[in-house]
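Text of the file final09.cif, holding mmCIF, C-alpha atoms and all ligand atoms:
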data_my_file
#
loop_
_atom_site.label_atom_id
_atom_site.label_comp_id
_atom_site.auth_asym_id
_atom_site.auth_seq_id
_atom_site.Cartn_x
_atom_site.Cartn_y
_atom_site.Cartn_z
CA MET H 1 15.50 13.12 -100.90
CA ARG H 2 17.59 9.94 -101.25
CA PHE H 3 15.95 6.74 -102.30
CA ASP H 4 16.79 4.05 -99.73
CA ALA H 5 16.65 0.84 -101.76
CA ALA H 6 17.54 -1.32 -98.78
CA ALA H 7 14.70 0.16 -96.73
CA GLN H 8 12.27 -0.36 -99.63
CA THR H 9 13.37 -3.97 -99.90
CA ARG H 10 12.96 -4.45 -96.16
CA LYS H 11 9.52 -2.88 -96.33
CA SER H 12 8.34 -4.92 -99.30
CA CYS H 13 9.62 -8.12 -97.65
CA ARG H 14 8.06 -7.32 -94.30
CA PRO H 15 4.72 -9.15 -94.38
CA ASP H 16 6.27 -12.36 -95.70
CA TYR H 17 9.16 -12.14 -93.31
CA PHE H 18 6.88 -11.64 -90.30
CA THR H 19 4.42 -14.26 -91.43
CA ARG H 20 7.07 -16.87 -92.08
CA LEU H 21 9.34 -16.26 -89.13
CA PHE H 22 7.17 -14.84 -86.41
CA TYR H 23 3.42 -14.97 -86.85
CA ARG H 24 3.45 -18.67 -87.66
CA MET H 25 6.12 -19.87 -85.27
CA ASN H 26 6.32 -23.58 -84.55
CA TRP H 27 7.59 -25.44 -81.48
CA ASP H 28 11.14 -25.84 -82.87
CA GLN H 29 11.45 -22.07 -83.30
CA LEU H 30 10.28 -21.12 -79.78
CA ASP H 31 12.33 -18.42 -78.12
CA TRP H 32 12.79 -20.09 -74.73
CA ALA H 33 14.83 -17.23 -73.32
CA ALA H 34 12.01 -14.79 -74.07
CA LEU H 35 9.44 -17.16 -72.54
CA ASP H 36 11.54 -17.52 -69.38
CA ARG H 37 11.86 -13.74 -69.11
CA LEU H 38 8.12 -13.24 -69.62
CA ARG H 39 7.26 -15.93 -67.10
CA THR H 40 9.52 -14.40 -64.46
CA GLY H 41 7.76 -11.06 -64.91
CA PHE H 42 4.27 -12.64 -64.80
CA LEU H 43 5.10 -14.58 -61.63
CA ALA H 44 6.57 -11.54 -59.90
CA GLY H 45 3.39 -9.62 -60.76
CA ASN H 46 5.44 -6.61 -61.88
CA ALA H 47 5.81 -7.45 -65.56
CA ALA H 48 4.76 -4.01 -66.81
CA SER H 49 6.19 -1.92 -63.97
CA SER H 50 8.76 -0.30 -66.22
CA GLY H 51 6.60 -0.08 -69.35
CA PRO H 52 5.92 -2.43 -72.26
CA TYR H 53 7.86 -5.70 -72.02
CA TRP H 54 7.36 -7.14 -75.52
CA GLN H 55 10.78 -6.75 -77.15
CA SER H 56 10.06 -8.18 -80.61
CA PRO H 57 7.42 -9.93 -82.73
CA SER H 58 9.22 -13.15 -81.86
CA ASP H 59 8.37 -12.67 -78.15
CA LEU H 60 4.72 -12.44 -79.11
CA ALA H 61 4.83 -15.41 -81.46
CA SER H 62 6.42 -17.59 -78.75
CA TYR H 63 3.85 -16.36 -76.23
CA ASP H 64 0.98 -16.87 -78.70
CA LEU H 65 1.87 -20.53 -79.26
CA THR H 66 2.19 -21.30 -75.52
CA PHE H 67 0.97 -19.05 -72.69
CA ALA H 68 -1.68 -17.41 -74.86
CA GLU H 69 -2.97 -20.70 -76.22
CA ARG H 70 -3.39 -21.92 -72.64
CA ILE H 71 -5.28 -18.71 -71.86
CA GLY H 72 -7.37 -19.52 -74.94
CA TRP H 73 -8.58 -22.71 -73.22
CA LYS H 74 -9.95 -20.57 -70.40
CA TRP H 75 -11.72 -18.43 -72.99
CA ASP H 76 -13.11 -21.60 -74.60
CA ALA H 77 -14.57 -22.69 -71.25
CA LEU H 78 -16.24 -19.35 -70.48
CA LEU H 79 -17.48 -18.87 -74.06
CA ARG H 80 -18.89 -22.39 -74.00
CA GLU H 81 -20.91 -21.51 -70.91
CA LEU H 82 -22.15 -18.29 -72.51
CA THR H 83 -23.18 -19.97 -75.76
CA LEU H 84 -24.90 -22.82 -73.88
CA ARG H 85 -26.85 -20.08 -72.09
CA ASN H 86 -27.72 -18.57 -75.49
CA TRP H 87 -25.93 -15.39 -74.49
CA SER H 88 -24.16 -13.31 -77.06
CA PRO H 89 -22.77 -9.79 -77.11
CA PRO H 90 -25.04 -7.19 -78.73
CA ALA H 91 -24.92 -7.34 -82.54
CA GLY H 92 -23.20 -4.57 -84.49
CA THR H 93 -20.79 -3.44 -81.78
CA THR H 94 -17.05 -2.93 -82.23
CA LEU H 95 -15.04 -5.57 -80.41
CA LEU H 96 -12.31 -3.89 -78.37
CA ASP H 97 -9.51 -6.15 -77.04
CA TRP H 98 -7.79 -4.00 -74.38
CA GLY H 99 -4.29 -5.09 -73.28
CA CYS H 100 -4.45 -7.42 -76.26
CA GLY H 101 -0.95 -8.97 -76.09
CA SER H 102 -0.92 -11.39 -79.02
CA GLY H 103 -4.71 -10.98 -79.36
CA VAL H 104 -5.88 -14.43 -78.28
CA ALA H 105 -8.93 -13.16 -76.37
CA GLY H 106 -10.37 -11.15 -79.26
CA ARG H 107 -9.82 -14.04 -81.68
CA ARG H 108 -11.51 -16.55 -79.35
CA VAL H 109 -14.54 -14.25 -78.98
CA LEU H 110 -14.74 -13.79 -82.77
CA SER H 111 -14.56 -17.57 -83.25
CA ALA H 112 -17.28 -18.21 -80.69
CA PHE H 113 -19.85 -15.66 -81.89
CA GLY H 114 -18.77 -15.26 -85.51
CA PRO H 115 -17.05 -12.19 -86.99
CA ALA H 116 -20.34 -11.08 -88.60
CA ARG H 117 -21.68 -10.27 -85.14
CA PHE H 118 -19.27 -7.31 -84.92
CA ASN H 119 -18.61 -4.19 -87.02
CA ALA H 120 -14.88 -4.32 -86.46
CA LEU H 121 -12.12 -5.43 -84.14
CA HIS H 122 -9.98 -2.80 -82.39
CA VAL H 123 -6.91 -3.94 -80.52
CA TRP H 124 -5.20 -1.80 -77.90
CA ASP H 125 -2.04 -2.41 -75.89
CA HIS H 126 0.57 0.03 -74.63
CA SER H 127 3.09 -2.06 -76.61
CA GLU H 128 3.22 -1.32 -80.32
CA HIS H 129 4.67 -4.79 -80.98
CA ALA H 130 1.57 -6.28 -79.35
CA ARG H 131 -0.87 -4.12 -81.31
CA THR H 132 0.81 -4.99 -84.62
CA PHE H 133 0.99 -8.69 -83.86
CA ALA H 134 -2.63 -8.94 -82.63
CA ALA H 135 -4.00 -6.99 -85.61
CA THR H 136 -2.00 -9.07 -88.12
CA ARG H 137 -3.11 -12.40 -86.65
CA ALA H 138 -6.76 -11.22 -86.55
CA ARG H 139 -6.64 -10.08 -90.20
CA GLU H 140 -5.22 -13.47 -91.22
CA THR H 141 -7.95 -15.37 -89.35
CA PHE H 142 -10.92 -13.11 -90.13
CA PRO H 143 -10.14 -11.47 -93.48
CA SER H 144 -13.65 -10.07 -93.93
CA LEU H 145 -13.60 -8.13 -90.65
CA PRO H 146 -12.17 -4.59 -90.47
CA VAL H 147 -9.34 -4.65 -87.92
CA ALA H 148 -7.73 -1.57 -86.44
CA ALA H 149 -4.75 -1.24 -84.12
CA SER H 150 -5.45 1.93 -82.12
CA THR H 151 -2.42 4.20 -81.94
CA SER H 152 -3.56 5.90 -78.75
CA GLU H 153 -5.41 4.77 -75.65
CA PRO H 154 -9.09 4.39 -76.64
CA ALA H 155 -11.30 6.95 -74.89
CA PRO H 156 -14.85 5.86 -74.02
CA ASP H 157 -16.50 8.84 -75.75
CA SER H 158 -14.54 8.47 -78.98
CA LEU H 159 -15.78 4.95 -79.68
CA PRO H 160 -18.98 3.69 -81.26
CA ALA H 161 -20.90 1.09 -79.21
CA TYR H 162 -18.37 -1.52 -78.15
CA THR H 163 -18.01 -4.95 -76.58
CA LEU H 164 -14.95 -4.89 -74.35
CA VAL H 165 -12.70 -7.93 -74.02
CA ILE H 166 -10.10 -7.99 -71.23
CA SER H 167 -7.76 -10.86 -70.47
CA HIS H 168 -5.03 -11.24 -67.85
CA VAL H 169 -4.29 -7.55 -67.48
CA LEU H 170 -5.55 -6.32 -64.11
CA ASN H 171 -2.51 -7.18 -61.98
CA GLU H 172 -0.21 -5.26 -64.36
CA LEU H 173 -2.06 -1.96 -64.08
CA PRO H 174 -1.03 0.98 -61.94
CA PRO H 175 -3.96 2.94 -60.43
CA ASP H 176 -4.26 5.50 -63.26
CA ALA H 177 -4.36 2.83 -66.02
CA ARG H 178 -6.83 0.82 -63.99
CA ALA H 179 -9.09 3.88 -63.64
CA GLN H 180 -8.93 4.44 -67.43
CA LEU H 181 -9.88 0.84 -68.03
CA LEU H 182 -12.79 1.06 -65.60
CA ALA H 183 -14.05 4.17 -67.41
CA LEU H 184 -14.12 2.07 -70.60
CA VAL H 185 -15.92 -0.73 -68.78
CA ALA H 186 -18.55 1.71 -67.50
CA ARG H 187 -19.46 2.79 -71.07
CA ALA H 188 -19.30 -0.65 -72.71
CA ALA H 189 -22.34 -2.30 -74.23
CA ALA H 190 -20.96 -5.60 -72.93
CA VAL H 191 -17.82 -6.78 -71.17
CA ILE H 192 -16.20 -10.22 -71.21
CA TRP H 193 -13.29 -10.35 -68.80
CA ILE H 194 -11.03 -13.22 -67.72
CA GLU H 195 -8.26 -13.08 -65.13
CA PRO H 196 -6.13 -15.85 -63.58
CA GLY H 197 -7.87 -18.02 -61.00
CA THR H 198 -5.57 -17.18 -58.10
CA HIS H 199 -6.83 -15.98 -54.72
CA ALA H 200 -5.45 -12.46 -55.35
CA ASP H 201 -6.53 -12.05 -58.99
CA SER H 202 -10.01 -13.42 -58.42
CA ARG H 203 -10.54 -11.09 -55.47
CA ALA H 204 -9.24 -8.12 -57.46
CA LEU H 205 -11.83 -8.86 -60.16
CA ALA H 206 -14.56 -9.34 -57.54
CA SER H 207 -13.74 -5.92 -56.13
CA VAL H 208 -14.10 -4.40 -59.64
CA ARG H 209 -17.45 -6.19 -59.85
CA ASP H 210 -18.55 -4.59 -56.57
CA GLN H 211 -17.54 -1.13 -57.81
CA LEU H 212 -19.77 -1.64 -60.87
CA ARG H 213 -22.77 -2.91 -58.92
CA ASP H 214 -24.56 0.44 -58.95
CA GLY H 215 -23.92 0.97 -62.66
CA PRO H 216 -26.16 0.18 -65.63
CA HIS H 217 -24.85 -3.33 -66.32
CA ARG H 218 -26.45 -6.66 -65.64
CA ILE H 219 -24.04 -9.26 -64.22
CA VAL H 220 -24.21 -12.25 -66.56
CA ALA H 221 -21.36 -14.22 -64.94
CA PRO H 222 -20.18 -15.39 -62.54
CA CYS H 223 -22.84 -14.07 -60.15
CA THR H 224 -26.45 -15.17 -59.92
CA HIS H 225 -27.26 -12.12 -57.78
CA ARG H 226 -26.41 -8.44 -57.37
CA GLU H 227 -25.65 -8.38 -53.64
CA THR H 228 -22.24 -7.24 -52.37
CA CYS H 229 -19.75 -10.00 -53.12
CA PRO H 230 -19.72 -12.27 -50.04
CA LEU H 231 -16.01 -12.99 -50.52
CA PHE H 232 -15.33 -9.75 -48.68
CA GLN H 233 -16.94 -10.87 -45.42
CA ALA H 234 -14.12 -11.66 -42.97
CA VAL H 235 -15.39 -15.20 -42.49
CA ASN H 236 -14.77 -15.90 -46.20
CA ASP H 237 -11.19 -14.59 -46.29
CA ARG H 238 -9.75 -17.88 -47.43
CA ASP H 239 -12.14 -18.44 -50.32
CA TRP H 240 -12.09 -17.10 -53.86
CA CYS H 241 -14.29 -17.25 -56.96
CA HIS H 242 -12.58 -19.38 -59.58
CA PHE H 243 -13.26 -22.10 -62.10
CA PHE H 244 -11.28 -24.66 -64.08
CA ALA H 245 -10.94 -25.00 -67.84
CA PRO H 246 -9.90 -28.33 -69.35
CA PRO H 247 -7.23 -28.49 -72.07
CA PRO H 248 -8.21 -29.84 -75.50
CA VAL H 249 -8.18 -33.62 -75.76
CA GLY H 250 -4.68 -35.06 -76.31
CA ILE H 251 -2.65 -32.12 -75.00
CA GLN H 252 -1.17 -34.19 -72.20
CA ASN H 253 0.22 -36.64 -74.75
CA SER H 254 1.89 -33.92 -76.79
CA PRO H 255 5.68 -33.92 -76.19
CA ASP H 256 5.83 -30.21 -77.05
CA TRP H 257 3.19 -29.24 -74.52
CA VAL H 258 4.62 -31.55 -71.85
CA ARG H 259 8.10 -30.07 -72.28
CA TRP H 260 6.77 -26.53 -72.19
CA SER H 261 4.58 -27.16 -69.12
CA HIS H 262 7.56 -28.58 -67.19
CA ARG H 263 9.69 -25.60 -68.09
CA ALA H 264 6.90 -23.11 -67.28
CA GLY H 265 5.96 -25.00 -64.10
CA LEU H 266 2.31 -25.17 -65.13
CA ASP H 267 -0.02 -28.12 -64.73
CA LEU H 268 -1.97 -28.49 -67.97
CA ARG H 269 -4.72 -30.71 -66.53
CA SER H 270 -6.85 -27.72 -65.64
CA GLN H 271 -6.43 -23.99 -65.98
CA ALA H 272 -7.85 -21.87 -63.16
CA TYR H 273 -9.61 -18.66 -64.11
CA SER H 274 -11.88 -15.98 -62.73
CA CYS H 275 -14.34 -14.03 -64.86
CA LEU H 276 -16.78 -11.17 -65.14
CA VAL H 277 -19.37 -10.81 -67.91
CA LEU H 278 -21.64 -7.78 -68.12
CA ASP H 279 -24.26 -6.52 -70.53
CA ARG H 280 -27.10 -4.04 -70.58
CA SER H 281 -29.99 -6.37 -71.34
CA ASP H 282 -32.70 -7.37 -68.89
CA HIS H 283 -33.33 -10.85 -70.29
CA SER H 284 -32.28 -13.71 -68.05
CA THR H 285 -30.31 -16.51 -69.68
CA LEU H 286 -31.14 -18.95 -66.88
CA ASN H 287 -34.28 -21.06 -66.50
CA SER H 288 -36.41 -19.61 -63.79
CA GLN H 289 -37.16 -22.04 -60.94
CA LEU H 290 -39.02 -19.95 -58.46
CA SER H 291 -38.96 -22.32 -55.49
CA THR H 292 -35.15 -22.33 -55.28
CA GLU H 293 -32.24 -19.89 -55.36
CA HIS H 294 -29.98 -19.65 -58.36
CA ALA H 295 -26.47 -20.46 -57.18
CA ARG H 296 -23.02 -20.89 -58.64
CA VAL H 297 -20.66 -23.56 -57.38
CA LEU H 298 -17.13 -22.17 -57.05
CA GLY H 299 -13.87 -24.03 -57.53
CA ARG H 300 -13.84 -27.80 -57.71
CA PRO H 301 -16.35 -29.96 -55.79
CA GLU H 302 -14.86 -32.74 -53.66
CA VAL H 303 -16.61 -36.04 -54.19
CA PHE H 304 -16.66 -38.69 -51.44
CA LYS H 305 -18.52 -41.97 -51.40
CA PRO H 306 -21.71 -40.84 -49.63
CA TYR H 307 -21.75 -37.16 -50.62
CA ALA H 308 -20.15 -34.29 -52.55
CA ARG H 309 -18.92 -31.15 -50.81
CA PHE H 310 -18.59 -27.76 -52.44
CA LEU H 311 -18.70 -24.00 -51.99
CA ALA H 312 -21.83 -22.37 -53.40
CA CYS H 313 -22.56 -18.67 -53.84
CA ASP H 314 -26.11 -17.33 -53.88
CA ALA H 315 -27.89 -14.12 -52.87
CA SER H 316 -27.65 -15.11 -49.19
CA GLY H 317 -23.86 -15.53 -49.29
CA LEU H 318 -21.22 -18.26 -49.52
CA HIS H 319 -22.01 -21.69 -48.14
CA TRP H 320 -19.99 -24.88 -47.76
CA LEU H 321 -22.61 -27.50 -48.60
CA GLU H 322 -22.91 -31.27 -48.69
CA LEU H 323 -24.98 -32.95 -51.36
CA PRO H 324 -25.95 -36.48 -50.22
CA LYS H 325 -25.44 -39.01 -52.99
CA ARG H 326 -28.87 -40.55 -52.47
CA LEU H 327 -30.48 -37.18 -53.29
CA ALA H 328 -28.86 -36.86 -56.74
CA PRO H 329 -26.69 -39.91 -57.61
CA ALA H 330 -26.17 -39.00 -61.27
CA LEU H 331 -25.19 -35.43 -60.45
CA VAL H 332 -22.73 -36.51 -57.75
CA LYS H 333 -21.11 -38.83 -60.28
CA ARG H 334 -20.85 -36.01 -62.83
CA LEU H 335 -19.38 -33.60 -60.27
CA ASP H 336 -16.39 -35.90 -59.95
CA LYS H 337 -15.28 -36.19 -63.57
CA ASN H 338 -17.39 -34.08 -65.89
CA PRO H 339 -19.23 -31.35 -63.97
CA PRO H 340 -22.00 -29.40 -65.71
CA VAL H 341 -21.86 -25.62 -66.09
CA PRO H 342 -21.80 -24.82 -62.34
CA LEU H 343 -25.12 -22.95 -62.20
CA TYR H 344 -27.90 -24.58 -60.22
CA ALA H 345 -31.37 -24.17 -58.82
CA LEU H 346 -30.35 -24.94 -55.26
CA ALA H 347 -32.19 -25.31 -51.96
CA HIS H 348 -30.24 -25.87 -48.74
CA ASP H 349 -30.33 -25.32 -44.99
CA GLY H 350 -26.89 -23.70 -44.82
CA HIS H 351 -25.09 -27.07 -44.56
CA ARG H 352 -26.96 -29.68 -46.50
CA VAL H 353 -28.51 -29.51 -49.97
CA THR H 354 -32.20 -30.41 -50.16
CA ALA H 355 -32.66 -29.89 -53.93
CA MET H 356 -30.18 -29.25 -56.72
CA THR H 357 -30.78 -29.09 -60.47
CA PRO H 358 -28.35 -27.83 -63.14
CA LEU H 359 -29.74 -24.70 -64.82
CA VAL H 360 -27.82 -25.10 -68.08
CA SER H 361 -28.27 -28.08 -70.34
CA ASP H 362 -24.97 -28.98 -71.97
CA ALA H 363 -25.86 -31.64 -74.51
CA ALA H 364 -23.28 -31.06 -77.27
CA SER H 365 -24.70 -29.69 -80.51
CA PRO H 366 -23.14 -29.23 -83.96
CA GLU H 367 -23.49 -25.46 -83.42
CA ASP H 368 -20.69 -25.71 -80.85
CA ALA H 369 -18.21 -25.65 -83.75
CA PRO H 370 -16.12 -22.45 -83.83
CA HIS H 371 -16.59 -19.79 -86.51
CA THR H 372 -13.92 -18.59 -88.87
CA ASP H 373 -14.00 -16.94 -92.23
CA ALA H 374 -10.39 -17.72 -93.07
C1 LIG H 401 -0.31 -10.98 -69.47
S1 LIG H 401 -0.45 -10.05 -70.92
C2 LIG H 401 -2.04 -10.63 -71.49
C3 LIG H 401 -2.19 -10.41 -72.95
C4 LIG H 401 -3.52 -10.89 -73.53
N1 LIG H 401 -4.62 -10.06 -73.09
C5 LIG H 401 -3.73 -12.34 -73.20
O1 LIG H 401 -4.69 -12.68 -72.48
O2 LIG H 401 -2.94 -13.18 -73.67
C6 LIG H 401 -0.88 -8.41 -70.36
C7 LIG H 401 -0.95 -7.38 -71.47
O3 LIG H 401 -1.36 -6.13 -70.95
C8 LIG H 401 -0.58 -5.11 -71.57
N2 LIG H 401 -0.59 -3.94 -70.67
C9 LIG H 401 -0.01 -3.86 -69.45
N3 LIG H 401 -0.21 -2.62 -68.94
C10 LIG H 401 -0.93 -1.92 -69.87
C11 LIG H 401 -1.43 -0.59 -69.94
N4 LIG H 401 -1.22 0.28 -68.95
N5 LIG H 401 -2.13 -0.22 -71.03
C12 LIG H 401 -2.31 -1.10 -72.05
N6 LIG H 401 -1.85 -2.37 -72.05
C13 LIG H 401 -1.17 -2.77 -70.97
C14 LIG H 401 0.76 -5.75 -71.74
O4 LIG H 401 1.55 -5.08 -72.72
C15 LIG H 401 0.37 -7.16 -72.16
O5 LIG H 401 0.24 -7.26 -73.54
#
Please express the file's structure as structure tokens.
Amino acid sequence: MRFDAAAQTRKSCRPDYFTRLFYRMNWDQLDWAALDRLRTGFLAGNAASSGPYWQSPSDLASYDLTFAERIGWKWDALLRELTLRNWSPPAGTTLLDWGCGSGVAGRRVLSAFGPARFNALHVWDHSEHARTFAATRARETFPSLPVAASTSEPAPDSLPAYTLVISHVLNELPPDARAQLLALVARAAAVIWIEPGTHADSRALASVRDQLRDGPHRIVAPCTHRETCPLFQAVNDRDWCHFFAPPPVGIQNSPDWVRWSHRAGLDLRSQAYSCLVLDRSDHSTLNSQLSTEHARVLGRPEVFKPYARFLACDASGLHWLELPKRLAPALVKRLDKNPPVPLYALAHDGHRVTAMTPLVSDAASPEDAPHTDA
């Protein structure tokens, strides 16, 4: 056997080379051509139609700094709601990030709940570039956590108890891959799933939610009930279940982000997302207020001088409601600029709200700080 000195040198240089050039890319090194190509595929909704589209670690590093970071803000918003509700995934499970891309979703979940909550992180993607990138970034950020990049599609029976994380994958999956993913969902101890907040993506996730309704999971978010999703009644055709995540403070003054958002055609003021969170517990994370329904307000309330108008979902269906300002002046003011977690004890007559109290207190606490062991 010949000794290939050049290959040995390449191999021994590899971690440094990747770390320096790719895994820690900065704005001056962005591969704009790769970002344009990725964006075109995402917009057309057929990105993965001819197989994995990540062509190099540099694609993933450019994506991780931009598109993925923006997706991270959606994760921050949902994880904030879950932590304010004192919800956490079951302790001691393996965290499985399926369709991991650069791995932003798994890392955000580890930051929110702490790596010690999990036995290990497994990342899976049909692209090897993605698996390698996501595992490397996770090892850097959480050095004490065992991280594995699965080399074959994870099968539900072959895994120990797992918390499944899914992010921005559903519209890329052909029917067989979607069925495999749903088999994993069915066996998961908990699922935290975010998709884009478009009409089509939100409805696709709602239809997954309806398929799982008869299964063993409790629906933690977004629903406050277990009825068939009312979006699928013909009268609600135009509506969809989505929410908005703010960017971190200062992003809109960052020349790098402004330039990127113009090129990507994305408005950074708010990022629309849809979500599904499941677990197998029977403990409620909402205050019980027996005289009223628990409801979730969808989308963005419109605030006018004498009232606010919004779409609310409860066990009786979807309702366009008006909340008179005189009934709850402080809440109407908050709905305009700084809405609370949109879960309420809500009484209404089908048009007008007669009582409305936020169910989740969101006074900031020092425990909101993210976890890391890096
Ligand atoms: C839009 S990217 C999202 C990546 C990451 N989850 C995130 O939120 O940033 C979709 C990911 O799904 C992966 N993917 C698409 N089809 C897949 C399949 N059949 N099996 C596994 N991964 C798949 C792609 O390779 C890509 O990494």
**OP:** For ligand LIG 401 (chain H), list the contacting residues at 7 Å or closer, counting all atoms listed in the file, as a list of chain:residue names.
**Re:**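 Using all atoms listed in the file, everything at most 7 Å from ligand LIG 401 (chain H) comes to H:Phe42, H:Ala48, H:Pro52, H:Tyr53, H:Trp54, H:Ala68, H:Ile71, H:Trp98, H:Gly99, H:Cys100, H:Gly101, H:Ser102, H:Gly103, H:Val104, H:Ala105, H:Trp124, H:Asp125, H:His126, H:Ser127, H:Ala130, H:Ile166, H:Ser167, H:His168, H:Val169, H:Glu172, H:Leu173, H:Ala177.
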**OP:** Identify which of the residues H:Glu293, H:Asp76, H:Asp157, H:Asp201 lies closest to H:Phe244, counting all atoms listed in the file when measuring atom-to-atom distances.
**Re:**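 Checking each candidate against H:Phe244, we get H:Asp76 as the closest.
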**OP:** Please identify all polymer residues within 12 Å of H:Asp36, counting only C-alpha atoms, omitting same-chain residues fewer than 2 positions from it, and present them as a PyMOL selection string.
**Re:** chain H and resi 30-34+38-43+59+62-63+66-67+260-265
**OP:** Quote the spacing between atom CA of H:Ala245 and atom CA of H:Thr285 in Å to one decimal place.
**Re:**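 Computed distance, atom CA of H:Ala245 to atom CA of H:Thr285, equals 21.2 Å.
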Original post:
Could you name the residues that touch H:Cys241 at 7 Å or less, counting only C-alpha atoms, but leaving out those on the same chain fewer than 3 positions away, as a list in words?
Top reply: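 Residues near the query, excluding close chain neighbours: Ser202, Ser274, Leu298 and Gly299 of chain H.
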Original post:
Pick from H:Asn171, H:Gln180, H:Gln252, H:Ser284: nearest to H:Pro156, with only C-alpha atoms counted?
Top reply: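 Answer, going by the shortest atom-to-atom distance: H:Gln180.
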Padding 5 Å on every side, please: axis-aligned box over the listed atoms of stretch 216-232 of chain H, centre and edge lengths to one decimal in Å, as lines of an AutoDock Vina configuration file.
center_x = -21.3
center_y = -7.6
center_z = -57.6
size_x = 21.9
size_y = 25.6
size_z = 27.9
**OP:** Around the point (-10.3, -14.9, -68.1) in the file's coordinates, collect all residues with an atom within 6 Å, using all atoms listed in the file, and return them as a ChimeraX atom specification.
**Re:** /H:167,193-195,273-275
Emit the selected residues as a PDB file, keeping the file's coordinate frame, including C-alpha atoms.
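Okay, this is what ended up in part39.pdb:
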ATOM      1  CA  SER H 167      -7.760 -10.860 -70.470  1.00  0.00           C
ATOM      2  CA  TRP H 193     -13.290 -10.350 -68.800  1.00  0.00           C
ATOM      3  CA  ILE H 194     -11.030 -13.220 -67.720  1.00  0.00           C
ATOM      4  CA  GLU H 195      -8.260 -13.080 -65.130  1.00  0.00           C
ATOM      5  CA  TYR H 273      -9.610 -18.660 -64.110  1.00  0.00           C
ATOM      6  CA  SER H 274     -11.880 -15.980 -62.730  1.00  0.00           C
ATOM      7  CA  CYS H 275     -14.340 -14.030 -64.860  1.00  0.00           C
TER       8      CYS H 275
END
**OP:** Check the smallest atom-to-atom distance from each of H:Arg107, H:Val123, H:Ala183, H:Ala308 to H:Glu140 using all atoms listed in the file, then report the winner.
**Re:**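 Among H:Arg107, H:Val123, H:Ala183, H:Ala308, it is H:Arg107 that comes nearest to H:Glu140.
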So that I can check the surroundings of H:Val220, please list as a PDB file with C-alpha atoms, keeping the file's coordinate frame every protein, DNA and RNA residue that reaches within 9 Å of it, counting all atoms listed in the file and ignoring chain neighbours fewer than 6 positions away.
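As a result, around28.pdb now contains:
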ATOM      1  CA  LEU H  82     -22.150 -18.290 -72.510  1.00  0.00           C
ATOM      2  CA  TRP H  87     -25.930 -15.390 -74.490  1.00  0.00           C
ATOM      3  CA  LEU H 276     -16.780 -11.170 -65.140  1.00  0.00           C
ATOM      4  CA  VAL H 277     -19.370 -10.810 -67.910  1.00  0.00           C
ATOM      5  CA  LEU H 278     -21.640  -7.780 -68.120  1.00  0.00           C
ATOM      6  CA  ASP H 279     -24.260  -6.520 -70.530  1.00  0.00           C
ATOM      7  CA  SER H 284     -32.280 -13.710 -68.050  1.00  0.00           C
ATOM      8  CA  THR H 285     -30.310 -16.510 -69.680  1.00  0.00           C
TER       9      THR H 285
END
**OP:** Quick one: pull the distance between atom CA of H:Glu302 and atom CA of H:Leu79, Å, one decimal.
**Re:**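 Atom-to-atom, atom CA of H:Glu302 and atom CA of H:Leu79 are spaced 24.8 Å apart.
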**OP:** Counting only C-alpha atoms, figure out which residue out of H:Thr151, H:Asn119, H:Ser270, H:Ser158 gets nearest to H:Ala91.
**Re:**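 Once distances to H:Ala91 are computed over only C-alpha atoms, the minimum belongs to H:Asn119.
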Subject >> Pairwise distance for atom CA of H:Asp97 and atom CA of H:Val165, rounded to one decimal in Å >> reply: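 Result for atom CA of H:Asp97 versus atom CA of H:Val165: 4.7 Å, one decimal.
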Original post:
Pick the closest to H:Ser111 from H:Pro340, H:Pro230, H:Gly72, H:Gly250: which is it, counting all atoms listed in the file?
Top reply: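 Nearest candidate to H:Ser111 out of H:Pro340, H:Pro230, H:Gly72, H:Gly250: H:Gly72.
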**OP:** Could you check which of H:Ala116, H:Met356, H:Val185, H:Val303 is closest to H:Leu335, using only C-alpha atoms?
**Re:**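 Distance minimum relative to H:Leu335 lands on H:Val303.
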Identify, on the basis of only C-alpha atoms, every residue whose closest approach to H:Leu311 does not exceed 12 Å; exclude the query and any residue fewer than 3 positions from it along the same chain; express the result as a compact mmCIF listing (two decimals) with C-alpha atoms, in the frame of the given file.
# COMPACT_ATOMS: atom_id res chain seq x y z
CA PRO H 230 -19.72 -12.27 -50.04
CA LEU H 231 -16.01 -12.99 -50.52
CA ASN H 236 -14.77 -15.90 -46.20
CA ARG H 238 -9.75 -17.88 -47.43
CA ASP H 239 -12.14 -18.44 -50.32
CA TRP H 240 -12.09 -17.10 -53.86
CA CYS H 241 -14.29 -17.25 -56.96
CA HIS H 242 -12.58 -19.38 -59.58
CA PHE H 243 -13.26 -22.10 -62.10
CA ALA H 295 -26.47 -20.46 -57.18
CA ARG H 296 -23.02 -20.89 -58.64
CA VAL H 297 -20.66 -23.56 -57.38
CA LEU H 298 -17.13 -22.17 -57.05
CA GLY H 299 -13.87 -24.03 -57.53
CA ARG H 300 -13.84 -27.80 -57.71
CA PRO H 301 -16.35 -29.96 -55.79
CA GLU H 302 -14.86 -32.74 -53.66
CA ALA H 308 -20.15 -34.29 -52.55
CA ASP H 314 -26.11 -17.33 -53.88
CA GLY H 317 -23.86 -15.53 -49.29
CA LEU H 318 -21.22 -18.26 -49.52
CA HIS H 319 -22.01 -21.69 -48.14
CA TRP H 320 -19.99 -24.88 -47.76
CA LEU H 321 -22.61 -27.50 -48.60
CA GLU H 322 -22.91 -31.27 -48.69
CA LEU H 323 -24.98 -32.95 -51.36
CA PRO H 342 -21.80 -24.82 -62.34
CA GLY H 350 -26.89 -23.70 -44.82
CA HIS H 351 -25.09 -27.07 -44.56
CA ARG H 352 -26.96 -29.68 -46.50
CA VAL H 353 -28.51 -29.51 -49.97
